[in-house]
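Chemist: This is the content of my_file-v3.cif (mmCIF, C-alpha atoms and all ligand atoms):
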data_target
#
loop_
_atom_site.label_atom_id
_atom_site.label_comp_id
_atom_site.auth_asym_id
_atom_site.auth_seq_id
_atom_site.Cartn_x
_atom_site.Cartn_y
_atom_site.Cartn_z
CA MET R 1 86.06 29.32 132.82
CA GLY R 2 83.71 31.85 131.18
CA GLN R 3 83.28 31.84 127.43
CA SER R 4 83.98 28.92 125.15
CA LEU R 5 87.52 28.87 123.86
CA LEU R 6 86.18 28.58 120.35
CA THR R 7 83.93 31.62 120.41
CA SER R 8 86.32 34.32 121.62
CA VAL R 9 87.44 36.85 119.04
CA GLY R 10 91.04 37.97 119.26
CA TYR R 11 93.06 38.19 122.45
CA VAL R 12 91.81 37.32 125.91
CA ARG R 13 93.33 36.43 129.28
CA ARG R 14 92.49 33.20 131.05
CA ASP R 15 93.86 32.66 134.55
CA GLY R 16 96.27 35.50 133.89
CA SER R 17 97.69 34.10 130.64
CA MET R 18 97.15 35.59 127.20
CA PHE R 19 95.36 33.56 124.58
CA CYS R 20 94.76 34.22 120.93
CA GLU R 21 91.26 32.83 120.44
CA GLY R 22 91.55 29.29 121.88
CA VAL R 23 95.34 28.99 121.79
CA ALA R 24 97.74 30.04 124.58
CA LEU R 25 100.44 32.37 123.29
CA ASP R 26 102.84 30.49 125.54
CA THR R 27 102.12 27.32 123.55
CA ILE R 28 102.84 29.05 120.24
CA ALA R 29 106.12 30.50 121.50
CA GLY R 30 107.12 27.09 122.88
CA ARG R 31 106.36 25.28 119.64
CA VAL R 32 107.47 27.86 117.06
CA GLY R 33 110.08 29.88 118.98
CA THR R 34 110.42 33.65 119.21
CA PRO R 35 110.23 36.25 117.85
CA VAL R 36 106.99 35.25 116.14
CA TYR R 37 104.05 37.18 114.75
CA VAL R 38 100.65 35.73 115.69
CA TYR R 39 97.44 36.67 113.88
CA SER R 40 93.84 36.03 114.87
CA ALA R 41 91.68 34.98 111.92
CA SER R 42 88.54 35.92 113.84
CA VAL R 43 89.69 39.53 114.22
CA ILE R 44 90.33 39.84 110.48
CA ARG R 45 86.88 38.40 109.74
CA GLU R 46 85.28 40.72 112.29
CA ARG R 47 87.02 43.85 110.91
CA TYR R 48 86.10 42.96 107.34
CA GLN R 49 82.51 42.36 108.39
CA ARG R 50 82.41 45.59 110.37
CA LEU R 51 83.67 47.62 107.42
CA THR R 52 81.49 46.01 104.77
CA SER R 53 78.39 46.29 106.99
CA ALA R 54 79.03 50.00 107.47
CA LEU R 55 79.32 50.43 103.70
CA ALA R 56 76.54 47.98 102.79
CA GLU R 57 74.22 50.61 101.33
CA LEU R 58 76.87 51.89 98.91
CA PRO R 59 78.21 50.43 95.65
CA VAL R 60 81.63 49.79 97.23
CA HIS R 61 84.26 47.17 96.64
CA VAL R 62 87.04 46.61 99.17
CA HIS R 63 90.54 46.18 97.73
CA TYR R 64 92.75 45.17 100.67
CA SER R 65 96.09 46.97 100.59
CA VAL R 66 98.58 44.12 100.38
CA LYS R 67 101.49 46.12 101.77
CA ALA R 68 99.97 46.10 105.27
CA ASN R 69 100.42 42.35 105.61
CA SER R 70 101.27 40.41 102.49
CA SER R 71 101.51 36.85 103.84
CA LEU R 72 99.83 34.41 101.51
CA ALA R 73 97.54 32.92 104.17
CA ILE R 74 96.32 36.39 105.18
CA LEU R 75 95.65 37.23 101.52
CA ALA R 76 93.81 33.93 101.09
CA LEU R 77 91.68 34.65 104.17
CA LEU R 78 90.72 38.09 102.85
CA LYS R 79 90.01 36.63 99.43
CA SER R 80 87.65 34.09 101.01
CA LEU R 81 85.77 37.03 102.58
CA GLY R 82 85.28 38.67 99.19
CA ALA R 83 88.02 41.31 99.12
CA GLY R 84 90.02 42.32 96.08
CA VAL R 85 93.52 43.75 96.47
CA ASP R 86 95.46 46.96 96.00
CA ILE R 87 99.08 46.26 95.06
CA VAL R 88 102.15 48.49 94.73
CA SER R 89 104.77 46.25 93.12
CA GLY R 90 105.39 43.32 90.84
CA GLY R 91 106.15 41.28 93.96
CA GLU R 92 102.71 42.04 95.39
CA LEU R 93 101.17 41.15 92.00
CA HIS R 94 102.98 37.81 92.19
CA ARG R 95 101.58 37.19 95.68
CA ALA R 96 98.05 38.16 94.64
CA LEU R 97 98.09 35.85 91.60
CA GLU R 98 99.61 33.04 93.66
CA VAL R 99 96.63 33.00 96.03
CA GLY R 100 94.18 33.06 93.13
CA PHE R 101 93.12 36.69 92.81
CA THR R 102 92.18 37.30 89.20
CA GLY R 103 92.78 40.42 87.13
CA HIS R 104 89.46 42.00 88.03
CA ASP R 105 90.27 41.75 91.74
CA ILE R 106 93.44 43.84 91.43
CA VAL R 107 94.23 47.56 91.31
CA PHE R 108 97.85 48.71 91.05
CA SER R 109 99.05 51.92 92.76
CA GLY R 110 102.60 53.25 93.18
CA VAL R 111 104.74 56.18 92.02
CA GLY R 112 107.52 54.20 90.39
CA LYS R 113 106.22 51.24 88.42
CA THR R 114 108.85 49.74 86.13
CA VAL R 115 108.30 48.62 82.54
CA THR R 116 108.51 45.00 83.68
CA GLU R 117 105.94 45.56 86.42
CA LEU R 118 103.59 47.30 83.99
CA GLU R 119 104.01 44.49 81.44
CA ARG R 120 103.09 41.89 84.05
CA ALA R 121 100.07 43.91 85.17
CA VAL R 122 98.84 44.33 81.58
CA ARG R 123 99.34 40.61 80.90
CA ALA R 124 97.39 39.77 84.07
CA GLY R 125 94.50 41.91 82.80
CA ILE R 126 94.14 43.76 86.09
CA ARG R 127 91.13 45.91 86.82
CA SER R 128 92.92 49.25 86.94
CA ILE R 129 96.38 50.70 86.87
CA ASN R 130 96.40 53.79 89.09
CA VAL R 131 98.80 56.03 87.17
CA GLU R 132 100.72 58.60 89.20
CA SER R 133 102.49 60.72 86.56
CA GLU R 134 102.28 61.72 82.93
CA GLY R 135 105.59 59.93 82.33
CA GLU R 136 104.11 56.68 83.61
CA LEU R 137 101.13 57.16 81.29
CA HIS R 138 103.39 57.32 78.22
CA VAL R 139 105.34 54.24 79.30
CA LEU R 140 102.10 52.34 79.99
CA ASN R 141 100.63 53.33 76.61
CA ASP R 142 103.79 51.98 74.91
CA VAL R 143 103.76 48.78 76.96
CA ALA R 144 100.06 48.15 76.29
CA GLY R 145 100.57 48.92 72.59
CA ARG R 146 103.36 46.34 72.33
CA LEU R 147 101.12 43.78 74.01
CA GLY R 148 98.14 44.64 71.81
CA ALA R 149 96.02 45.70 74.76
CA VAL R 150 93.92 48.66 75.82
CA VAL R 151 94.24 49.04 79.59
CA ALA R 152 91.89 50.61 82.10
CA VAL R 153 93.55 53.47 83.92
CA ALA R 154 92.64 55.49 86.98
CA LEU R 155 94.51 58.74 87.45
CA ARG R 156 95.74 59.03 91.02
CA VAL R 157 94.97 62.58 92.05
CA ASN R 158 97.07 64.54 94.51
CA PRO R 159 94.15 66.53 95.95
CA ASP R 160 96.28 68.78 98.18
CA ILE R 161 94.47 67.71 101.34
CA ALA R 162 96.32 67.82 104.66
CA VAL R 163 95.47 64.99 107.05
CA ASP R 164 96.21 64.81 110.74
CA THR R 165 98.13 61.56 111.18
CA PRO R 166 100.45 60.72 114.10
CA HIS R 167 103.58 60.98 111.93
CA LYS R 168 104.44 63.07 108.89
CA TYR R 169 105.68 59.99 107.01
CA THR R 170 102.11 58.68 106.81
CA ARG R 171 100.70 61.70 104.95
CA THR R 172 100.55 61.46 101.18
CA ALA R 173 98.10 63.97 99.72
CA GLU R 174 99.66 67.41 100.01
CA ARG R 175 101.00 69.48 97.15
CA GLY R 176 104.70 68.86 96.60
CA MET R 177 104.59 65.26 97.83
CA LYS R 178 105.68 62.53 95.45
CA PHE R 179 102.26 60.86 95.27
CA GLY R 180 99.69 61.33 92.54
CA ILE R 181 99.15 63.93 89.86
CA PRO R 182 98.43 67.48 91.09
CA HIS R 183 94.65 67.99 91.00
CA ASP R 184 94.92 71.19 88.98
CA THR R 185 96.67 69.34 86.15
CA ILE R 186 94.36 66.31 85.95
CA LEU R 187 92.24 67.77 83.19
CA ALA R 188 95.30 68.43 81.03
CA VAL R 189 96.54 64.87 81.61
CA ALA R 190 93.10 63.51 80.72
CA ARG R 191 93.25 65.51 77.50
CA THR R 192 96.69 64.08 76.66
CA MET R 193 95.35 60.64 77.44
CA ALA R 194 92.39 60.96 75.12
CA ALA R 195 94.84 60.85 72.21
CA MET R 196 96.59 57.70 73.45
CA PRO R 197 95.26 54.54 71.79
CA ASN R 198 96.23 51.94 74.39
CA VAL R 199 95.10 53.48 77.68
CA LYS R 200 91.49 54.15 78.61
CA LEU R 201 90.61 56.53 81.42
CA THR R 202 87.97 54.82 83.56
CA GLY R 203 88.65 56.04 87.07
CA LEU R 204 90.02 58.59 89.50
CA ALA R 205 91.81 57.68 92.73
CA ALA R 206 93.11 59.43 95.84
CA HIS R 207 94.90 58.04 98.88
CA LEU R 208 95.25 60.60 101.65
CA GLY R 209 97.56 58.91 104.14
CA SER R 210 97.49 56.30 106.85
CA GLN R 211 96.13 56.07 110.42
CA ILE R 212 93.46 58.69 109.73
CA GLY R 213 90.96 59.05 112.56
CA ASP R 214 88.64 61.62 111.04
CA ALA R 215 86.15 61.27 108.18
CA ALA R 216 86.32 64.94 107.14
CA PRO R 217 89.32 64.56 104.76
CA TYR R 218 87.55 61.69 102.99
CA ALA R 219 84.58 63.99 102.35
CA LEU R 220 86.93 66.61 100.90
CA ALA R 221 88.58 64.00 98.67
CA ALA R 222 85.20 62.64 97.53
CA HIS R 223 84.05 66.15 96.56
CA GLU R 224 87.28 66.72 94.65
CA LEU R 225 87.06 63.42 92.75
CA VAL R 226 83.43 64.15 91.87
CA ARG R 227 84.34 67.66 90.67
CA LEU R 228 87.15 66.29 88.46
CA LYS R 229 84.94 63.48 87.17
CA ARG R 230 82.29 65.98 86.08
CA GLU R 231 84.86 68.21 84.37
CA ILE R 232 86.40 65.29 82.50
CA GLU R 233 82.99 64.06 81.40
CA SER R 234 81.62 67.45 80.42
CA ASP R 235 84.70 67.94 78.23
CA GLY R 236 83.86 64.60 76.61
CA LEU R 237 87.27 63.18 77.52
CA ALA R 238 86.15 59.94 79.18
CA LYS R 239 83.41 58.18 81.11
CA ILE R 240 84.52 57.70 84.70
CA THR R 241 83.10 54.53 86.24
CA THR R 242 85.20 54.12 89.40
CA LEU R 243 86.18 56.53 92.15
CA ASP R 244 88.83 55.09 94.47
CA LEU R 245 89.12 56.74 97.90
CA GLY R 246 92.26 54.80 98.91
CA GLY R 247 93.01 53.42 102.36
CA GLY R 248 94.03 55.08 105.59
CA LEU R 249 91.35 54.17 108.15
CA GLY R 250 92.91 54.34 111.59
CA VAL R 251 92.95 51.82 114.43
CA THR R 252 93.26 52.06 118.20
CA TYR R 253 96.88 51.46 119.14
CA HIS R 254 96.52 52.77 122.67
CA ASP R 255 93.78 55.28 123.36
CA GLU R 256 92.91 56.68 119.94
CA PRO R 257 89.16 56.64 119.29
CA ALA R 258 88.06 54.00 116.77
CA PRO R 259 87.18 55.53 113.39
CA ASP R 260 83.55 56.56 113.00
CA LEU R 261 82.50 54.19 110.24
CA ALA R 262 79.11 55.84 109.81
CA ALA R 263 80.82 59.19 109.13
CA TYR R 264 83.27 57.42 106.79
CA ALA R 265 80.33 55.86 104.90
CA ALA R 266 78.67 59.28 104.67
CA ALA R 267 81.86 60.71 103.14
CA LEU R 268 82.04 57.89 100.59
CA ALA R 269 78.37 58.44 99.78
CA ILE R 270 79.32 61.84 98.34
CA ALA R 271 81.17 59.96 95.60
CA ALA R 272 78.73 57.06 95.46
CA ASN R 273 75.85 59.40 94.65
CA GLU R 274 77.34 60.01 91.23
CA PRO R 275 75.28 57.92 88.82
CA GLY R 276 76.94 54.87 87.31
CA VAL R 277 79.97 54.93 89.59
CA GLU R 278 81.49 52.18 91.72
CA ILE R 279 83.51 53.21 94.78
CA LEU R 280 86.73 51.40 95.62
CA VAL R 281 88.45 51.55 99.00
CA GLU R 282 91.91 50.23 99.84
CA PRO R 283 92.07 49.60 103.60
CA GLY R 284 95.15 47.86 104.95
CA ARG R 285 95.81 48.66 108.59
CA PHE R 286 92.13 48.66 109.60
CA LEU R 287 91.67 45.04 108.52
CA VAL R 288 94.78 43.46 110.00
CA ALA R 289 96.53 45.64 112.63
CA ASP R 290 94.44 44.50 115.61
CA ALA R 291 94.69 40.88 114.56
CA GLY R 292 98.41 40.68 115.29
CA VAL R 293 100.81 40.48 118.20
CA LEU R 294 104.56 40.12 118.06
CA LEU R 295 105.74 37.64 120.68
CA THR R 296 109.25 38.19 121.97
CA ARG R 297 111.21 36.71 124.85
CA VAL R 298 113.10 38.83 127.36
CA LEU R 299 116.81 38.07 127.06
CA TYR R 300 118.32 40.34 129.69
CA ARG R 301 117.59 43.09 132.18
CA LYS R 302 120.05 45.83 133.05
CA HIS R 303 120.35 49.28 134.62
CA SER R 304 122.06 52.28 133.09
CA GLY R 305 121.97 55.95 134.05
CA GLY R 306 119.15 55.30 136.52
CA LYS R 307 117.07 53.53 133.88
CA ASP R 308 115.79 49.96 133.74
CA ILE R 309 116.40 48.35 130.38
CA VAL R 310 114.61 45.23 129.15
CA ILE R 311 116.34 43.56 126.20
CA THR R 312 114.18 41.35 124.01
CA ASP R 313 114.96 38.84 121.27
CA ALA R 314 112.95 40.88 118.73
CA GLY R 315 114.53 43.96 117.25
CA MET R 316 113.82 46.82 114.88
CA ASN R 317 114.55 44.51 111.94
CA ASP R 318 111.52 42.44 113.01
CA PHE R 319 109.29 45.40 113.81
CA ILE R 320 110.35 48.86 112.74
CA ARG R 321 107.28 51.01 113.43
CA PRO R 322 108.39 52.43 116.81
CA SER R 323 111.79 53.40 115.32
CA LEU R 324 110.47 54.69 112.00
CA TYR R 325 107.22 56.37 113.03
CA GLU R 326 107.70 56.70 116.80
CA SER R 327 104.54 54.63 117.07
CA ARG R 328 103.22 53.51 120.44
CA HIS R 329 102.26 49.87 120.85
CA ASP R 330 100.92 48.44 124.09
CA ILE R 331 103.27 45.82 125.53
CA GLU R 332 101.98 43.10 127.82
CA ALA R 333 103.53 40.23 129.75
CA VAL R 334 102.07 37.04 128.29
CA SER R 335 101.95 34.87 131.39
CA SER R 336 101.22 37.41 134.09
CA ASP R 337 98.55 40.03 134.52
CA ASP R 338 100.29 41.57 137.55
CA ALA R 339 99.79 45.32 137.66
CA PRO R 340 102.52 47.23 135.83
CA SER R 341 105.27 48.13 138.31
CA LEU R 342 108.39 48.47 136.20
CA ARG R 343 109.26 51.63 134.30
CA ALA R 344 111.69 50.58 131.59
CA ASN R 345 113.05 51.04 128.11
CA ILE R 346 112.13 47.96 126.08
CA VAL R 347 114.79 47.48 123.44
CA GLY R 348 116.00 44.98 120.86
CA PRO R 349 119.42 43.45 120.23
CA VAL R 350 120.19 45.44 117.05
CA CYS R 351 123.24 47.69 117.14
CA GLU R 352 121.32 50.97 116.79
CA SER R 353 120.16 53.39 119.47
CA GLY R 354 116.98 53.62 117.42
CA ASP R 355 116.28 49.94 118.13
CA PHE R 356 113.55 50.27 120.76
CA PHE R 357 109.92 49.30 121.18
CA ALA R 358 109.13 51.71 124.03
CA ASN R 359 110.94 54.19 126.25
CA ASP R 360 110.05 54.94 129.87
CA ARG R 361 107.11 52.54 129.63
CA LEU R 362 105.31 51.18 132.68
CA ILE R 363 104.98 47.41 132.24
CA THR R 364 104.57 44.28 134.33
CA ASP R 365 107.87 43.36 135.96
CA VAL R 366 109.36 40.70 133.66
CA ALA R 367 112.43 38.51 134.16
CA PRO R 368 114.68 37.06 131.46
CA GLY R 369 112.91 34.13 129.81
CA GLN R 370 109.45 35.66 130.09
CA LEU R 371 107.37 36.49 127.06
CA LEU R 372 106.12 39.91 126.00
CA ALA R 373 103.38 40.59 123.45
CA LEU R 374 103.59 43.77 121.38
CA ARG R 375 99.98 44.52 120.55
CA THR R 376 98.38 45.74 117.31
CA THR R 377 101.28 44.63 115.14
CA GLY R 378 99.35 42.85 112.38
CA ALA R 379 99.86 45.73 109.92
CA TYR R 380 103.22 47.01 108.71
CA GLY R 381 104.95 44.54 111.01
CA TYR R 382 106.27 41.47 109.22
CA SER R 383 105.79 43.17 105.85
CA MET R 384 108.40 45.78 106.84
CA ALA R 385 110.81 43.30 108.47
CA SER R 386 114.37 43.13 107.20
CA ASN R 387 117.55 41.15 107.72
CA TYR R 388 119.49 44.04 109.22
CA ASN R 389 122.32 42.82 111.48
CA SER R 390 122.01 39.55 109.54
CA ARG R 391 119.03 38.53 111.62
CA PRO R 392 116.75 35.93 110.05
CA ARG R 393 113.18 37.21 109.81
CA PRO R 394 110.69 35.77 112.29
CA ALA R 395 107.95 33.19 111.75
CA GLU R 396 104.27 34.00 111.29
CA VAL R 397 101.42 31.99 112.83
CA LEU R 398 97.70 32.14 112.09
CA VAL R 399 95.24 31.14 114.81
CA ASP R 400 91.69 30.09 113.98
CA GLY R 401 89.58 28.93 116.93
CA ASP R 402 91.57 26.35 118.86
CA ARG R 403 93.99 25.61 116.01
CA PHE R 404 97.12 27.34 114.85
CA ALA R 405 99.40 27.01 111.83
CA VAL R 406 102.80 28.32 110.84
CA ILE R 407 102.04 30.40 107.74
CA THR R 408 105.59 31.67 107.26
CA LYS R 409 108.55 29.63 108.44
CA ARG R 410 111.28 31.35 110.39
CA GLU R 411 114.23 32.19 108.14
CA SER R 412 117.40 30.22 108.76
CA ASN R 413 120.97 31.46 108.71
CA ALA R 414 121.37 29.53 105.44
CA ASP R 415 118.49 31.59 103.99
CA LEU R 416 120.47 34.73 104.75
CA THR R 417 123.33 33.85 102.42
CA ARG R 418 121.53 31.67 99.87
CA ARG R 419 121.72 34.27 97.07
CA GLU R 420 125.24 35.46 97.84
CA THR R 421 128.70 34.28 96.90
CA SER R 422 132.10 34.81 98.43
CA ALA R 423 133.70 33.86 95.09
CA PRO R 424 132.51 36.45 92.55
CA GLU R 425 132.22 35.38 88.91
CA TRP R 426 133.65 38.47 87.27
CA MET R 427 132.30 39.80 83.97
CA GLU R 428 134.10 42.02 81.50
CA GLY R 429 132.92 45.63 81.97
C1 LIG R 501 97.77 53.73 97.57
C2 LIG R 501 97.55 53.18 98.94
N1 LIG R 501 96.37 52.59 99.21
C3 LIG R 501 96.11 52.05 100.44
C4 LIG R 501 97.05 52.09 101.44
C5 LIG R 501 96.72 51.46 102.75
O1 LIG R 501 96.70 52.35 103.80
P1 LIG R 501 96.19 51.88 105.22
O2 LIG R 501 96.96 50.68 105.62
O3 LIG R 501 96.45 53.04 106.11
O4 LIG R 501 94.73 51.59 105.08
C6 LIG R 501 98.28 52.70 101.21
C7 LIG R 501 99.28 52.79 102.29
O5 LIG R 501 100.13 53.58 102.37
C8 LIG R 501 98.54 53.25 99.92
O6 LIG R 501 99.71 53.82 99.64
#
Please express the file's structure as structure tokens.

Modeler:
Amino acid sequence: MGQSLLTSVGYVRRDGSMFCEGVALDTIAGRVGTPVYVYSASVIRERYQRLTSALAELPVHVHYSVKANSSLAILALLKSLGAGVDIVSGGELHRALEVGFTGHDIVFSGVGKTVTELERAVRAGIRSINVESEGELHVLNDVAGRLGAVVAVALRVNPDIAVDTPHKYTRTAERGMKFGIPHDTILAVARTMAAMPNVKLTGLAAHLGSQIGDAAPYALAAHELVRLKREIESDGLAKITTLDLGGGLGVTYHDEPAPDLAAYAAALAIAANEPGVEILVEPGRFLVADAGVLLTRVLYRKHSGGKDIVITDAGMNDFIRPSLYESRHDIEAVSSDDAPSLRANIVGPVCESGDFFANDRLITDVAPGQLLALRTTGAYGYSMASNYNSRPRPAEVLVDGDRFAVITKRESNADLTRRETSAPEWMEG
């Protein structure tokens, strides 16, 4: 036995079996059942440390993007490390407040905030509302006026920057996309804003997309935010004190190079060099993706049209990234490190041809009953899970050293129908 069970970070094999830190994945599956998401606390700590060390010379604050993994225990862990949060809904605000984030820890992005969501955000006194349209600005000014508040606003800029991400659905910063306010209209919006009594322009924000492996687009965005900041200030419209460069840092799912954090820091420095400015970043995936695996048990094997098909007890409702983004996740047998010898489609039980985790993938030969681990599923895994096919959502487990805890209970069939009725109480229309 090599290293101490307590000191290993993340996932290791011992005598052929996969462990998360000091806990055998087999043990978790046996105790909690499958499918189950497992997260390594040490990986989240290590990623947070890695990012903040790379940015240590800059006036940067990390606002974790809650959408990547919004489980309360994960939020609490990131809070204990010093992170704030970036939220995109009233539900995420509720989660953030529930784990003790205070107003100053929270920034609120999103193209379609409702009046109710804005009211709650204003009441919570959050650090910044990242406004994405002129319409939203008017609604927010009214809401803040009714509540007797003056709220800090960052304008989310659509900088018209194309990023090279693995799927077009994870790009957000090109002209014509729904996100942000076109960069060439920001000055006009700032002018409109200057006449609004209940909103105060304090920041500019840009989020380019997700799973970005190159620092160059961040440098472009930083230059653009600085240019806009200077124009706004030289017109005397506002004093800009925060520049928010969004999230998007990529991770290694299979063989992608890890992001160059020194180059990323150099790009952020372009914005940080502006006097009197604090930089915000909103990483999600980078902090939590590697921490997670989805454990699933093989239910059946079959052959069709010359193909081997492995059917698992997890489906696209539990983990939708391969179906939605055609994302590639490594898949490993939990209790065997035999060399891969089976070429198979690994699919779920959901009644959709799009319900697959991998096609034509070479994996270790696994029999029904054996466990598979889908790697790098800590981000946009459970948080995108649904009840499609009336499947209860899986459990979530956090591992820390040689201990583990269920942080989200598995849904029951009763949970599925709790809010429904088969006997409608009709109302007059
Ligand atoms: C506004 C905003 N900030 C941050 C993020 C987090 O992105 P990532 O998980 O790629 O870091 C997103 C994700 O889409 C986002 O929309």

Chemist: Take atom CA of R:Ala73 and atom CA of R:Val36 and report the distance between them in Å, one decimal.

Modeler: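 Taking atom CA of R:Ala73 as the start and atom CA of R:Val36 as the end point, the length is 15.4 Å.
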
Chemist: Could I get the residue neighbourhood of ligand LIG 501 (chain R) at 9 Å, counting only C-alpha atoms and all ligand atoms, as an MDAnalysis selection string?

Modeler: chainID R and resid 63:68 86:88 108:110 130 156 170:172 179 205:212 245:250 281:289 379:380

Chemist: Please, what distance in Å, to one decimal, runs between atom CA of R:Val157 and atom CA of R:Thr192?

Modeler: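 Going from atom CA of R:Val157 over to atom CA of R:Thr192 covers 15.6 Å.
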
Chemist: Could you give me, as a PyMOL selection string, the residues within 10 Å of R:Thr376, counting all atoms listed in the file and dropping anything in the same chain fewer than 3 positions from it?

Modeler: chain R and resi 39+251-254+285+288-294+328-331+373+379-381

Chemist: Using only C-alpha atoms, please write the residues we just selected to a file, as a PDB file, in the coordinates of the input.

Modeler:
ATOM      1  CA  TYR R  39      97.440  36.670 113.880  1.00  0.00           C
ATOM      2  CA  VAL R 251      92.950  51.820 114.430  1.00  0.00           C
ATOM      3  CA  THR R 252      93.260  52.060 118.200  1.00  0.00           C
ATOM      4  CA  TYR R 253      96.880  51.460 119.140  1.00  0.00           C
ATOM      5  CA  HIS R 254      96.520  52.770 122.670  1.00  0.00           C
ATOM      6  CA  ARG R 285      95.810  48.660 108.590  1.00  0.00           C
ATOM      7  CA  VAL R 288      94.780  43.460 110.000  1.00  0.00           C
ATOM      8  CA  ALA R 289      96.530  45.640 112.630  1.00  0.00           C
ATOM      9  CA  ASP R 290      94.440  44.500 115.610  1.00  0.00           C
ATOM     10  CA  ALA R 291      94.690  40.880 114.560  1.00  0.00           C
ATOM     11  CA  GLY R 292      98.410  40.680 115.290  1.00  0.00           C
ATOM     12  CA  VAL R 293     100.810  40.480 118.200  1.00  0.00           C
ATOM     13  CA  LEU R 294     104.560  40.120 118.060  1.00  0.00           C
ATOM     14  CA  ARG R 328     103.220  53.510 120.440  1.00  0.00           C
ATOM     15  CA  HIS R 329     102.260  49.870 120.850  1.00  0.00           C
ATOM     16  CA  ASP R 330     100.920  48.440 124.090  1.00  0.00           C
ATOM     17  CA  ILE R 331     103.270  45.820 125.530  1.00  0.00           C
ATOM     18  CA  ALA R 373     103.380  40.590 123.450  1.00  0.00           C
ATOM     19  CA  ALA R 379      99.860  45.730 109.920  1.00  0.00           C
ATOM     20  CA  TYR R 380     103.220  47.010 108.710  1.00  0.00           C
ATOM     21  CA  GLY R 381     104.950  44.540 111.010  1.00  0.00           C
TER      22      GLY R 381
END

Chemist: Return the single residue from R:Gly145, R:Gly91, R:Gly10, R:Pro275 that is closest to R:Arg47, with distances computed using only C-alpha atoms.

Modeler: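 Ranking R:Gly145, R:Gly91, R:Gly10, R:Pro275 by distance to R:Arg47, first place goes to R:Gly10.
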
Chemist: Closest to R:Val397 among R:Leu295, R:Ala238, R:Glu256, R:Thr417, using only C-alpha atoms?

Modeler: R:Leu295

Chemist: For R:Leu78, list every protein, DNA or RNA residue within 12 Å, evaluated using all atoms listed in the file, and leave out those in the same chain fewer than 2 positions away; present the list as number ranges by chain.

Modeler: R: 41-49, 62-66, 69-76, 80-85, 96, 99-101, 105, 283-284, 287-288

Chemist: To one decimal place in Å, what is the distance between atom CA of R:Ser386 and atom CA of R:Glu420?

Modeler: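 Pair atom CA of R:Ser386 / atom CA of R:Glu420 returns 16.3 Å.
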
Chemist: R:Ser341: which residues within 7 Å, counting only C-alpha atoms, same-chain residues fewer than 5 positions away excluded, as a list in words?

Modeler: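 Final neighbour list, sorted by chain and number: Leu362, Ile363, Thr364 and Asp365 of chain R.
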
Chemist: I'd like to know which of R:Trp426, R:Tyr169, R:Tyr37, R:Tyr388 is closest to R:Ala405, using all atoms listed in the file.

Modeler: R:Tyr37

Chemist: Pick from R:Leu58, R:Leu77, R:Val9, R:Val406: nearest to R:Ala269, with all atoms listed in the file counted?

Modeler: R:Leu58

Chemist: R:Ala258, R:Val189, R:Met384, R:Ala124: which is nearest R:Ala149, counting all atoms listed in the file?

Modeler: R:Ala124

Chemist: Check the smallest atom-to-atom distance from each of R:Ile270, R:Ala154, R:Leu220, R:Ile28 to R:Asp244 using all atoms listed in the file, then report the winner.

Modeler: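 Among the listed residues, the smallest separation from R:Asp244 belongs to R:Ala154.
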
Chemist: Near R:Met316, counting all atoms listed in the file, which residues have an atom at most 7 Å away, once you skip same-chain residues fewer than 6 positions from it, shown as number ranges by chain?

Modeler: R: 323, 348, 350, 355-356

Chemist: Might you pull out every residue within 12 Å of R:Glu233, with only C-alpha atoms counted and same-chain residues fewer than 2 positions away left off, and present them as a list in words?

Modeler: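 Listing them by chain and then by number gives Leu187, Ala190, Arg191, Ala194, Leu201, Thr202, Gly203, Val226, Arg227, Leu228, Lys229, Arg230, Glu231, Asp235, Gly236, Leu237, Ala238, Lys239, Ile240 and Thr241 of chain R.
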
Chemist: How would stretch 233-245 of chain R look written as a short mmCIF file (atom, residue, chain, number, x, y, z; two decimals), in the first residue's frame with C-alpha atoms?

Modeler:
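So out-v6.cif came out as:
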data_model
loop_
_atom_site.label_atom_id
_atom_site.label_comp_id
_atom_site.auth_asym_id
_atom_site.auth_seq_id
_atom_site.Cartn_x
_atom_site.Cartn_y
_atom_site.Cartn_z
CA GLU R 233 -15.85 57.57 -17.20
CA SER R 234 -14.58 60.18 -19.63
CA ASP R 235 -18.20 61.03 -20.44
CA GLY R 236 -18.75 61.47 -16.69
CA LEU R 237 -21.52 58.86 -16.69
CA ALA R 238 -20.27 56.68 -13.82
CA LYS R 239 -17.27 55.45 -11.88
CA ILE R 240 -16.64 51.81 -12.73
CA THR R 241 -15.18 49.87 -9.80
CA THR R 242 -15.60 46.25 -10.91
CA LEU R 243 -14.79 44.45 -14.14
CA ASP R 244 -16.24 40.93 -14.25
CA LEU R 245 -14.64 38.54 -16.76
#
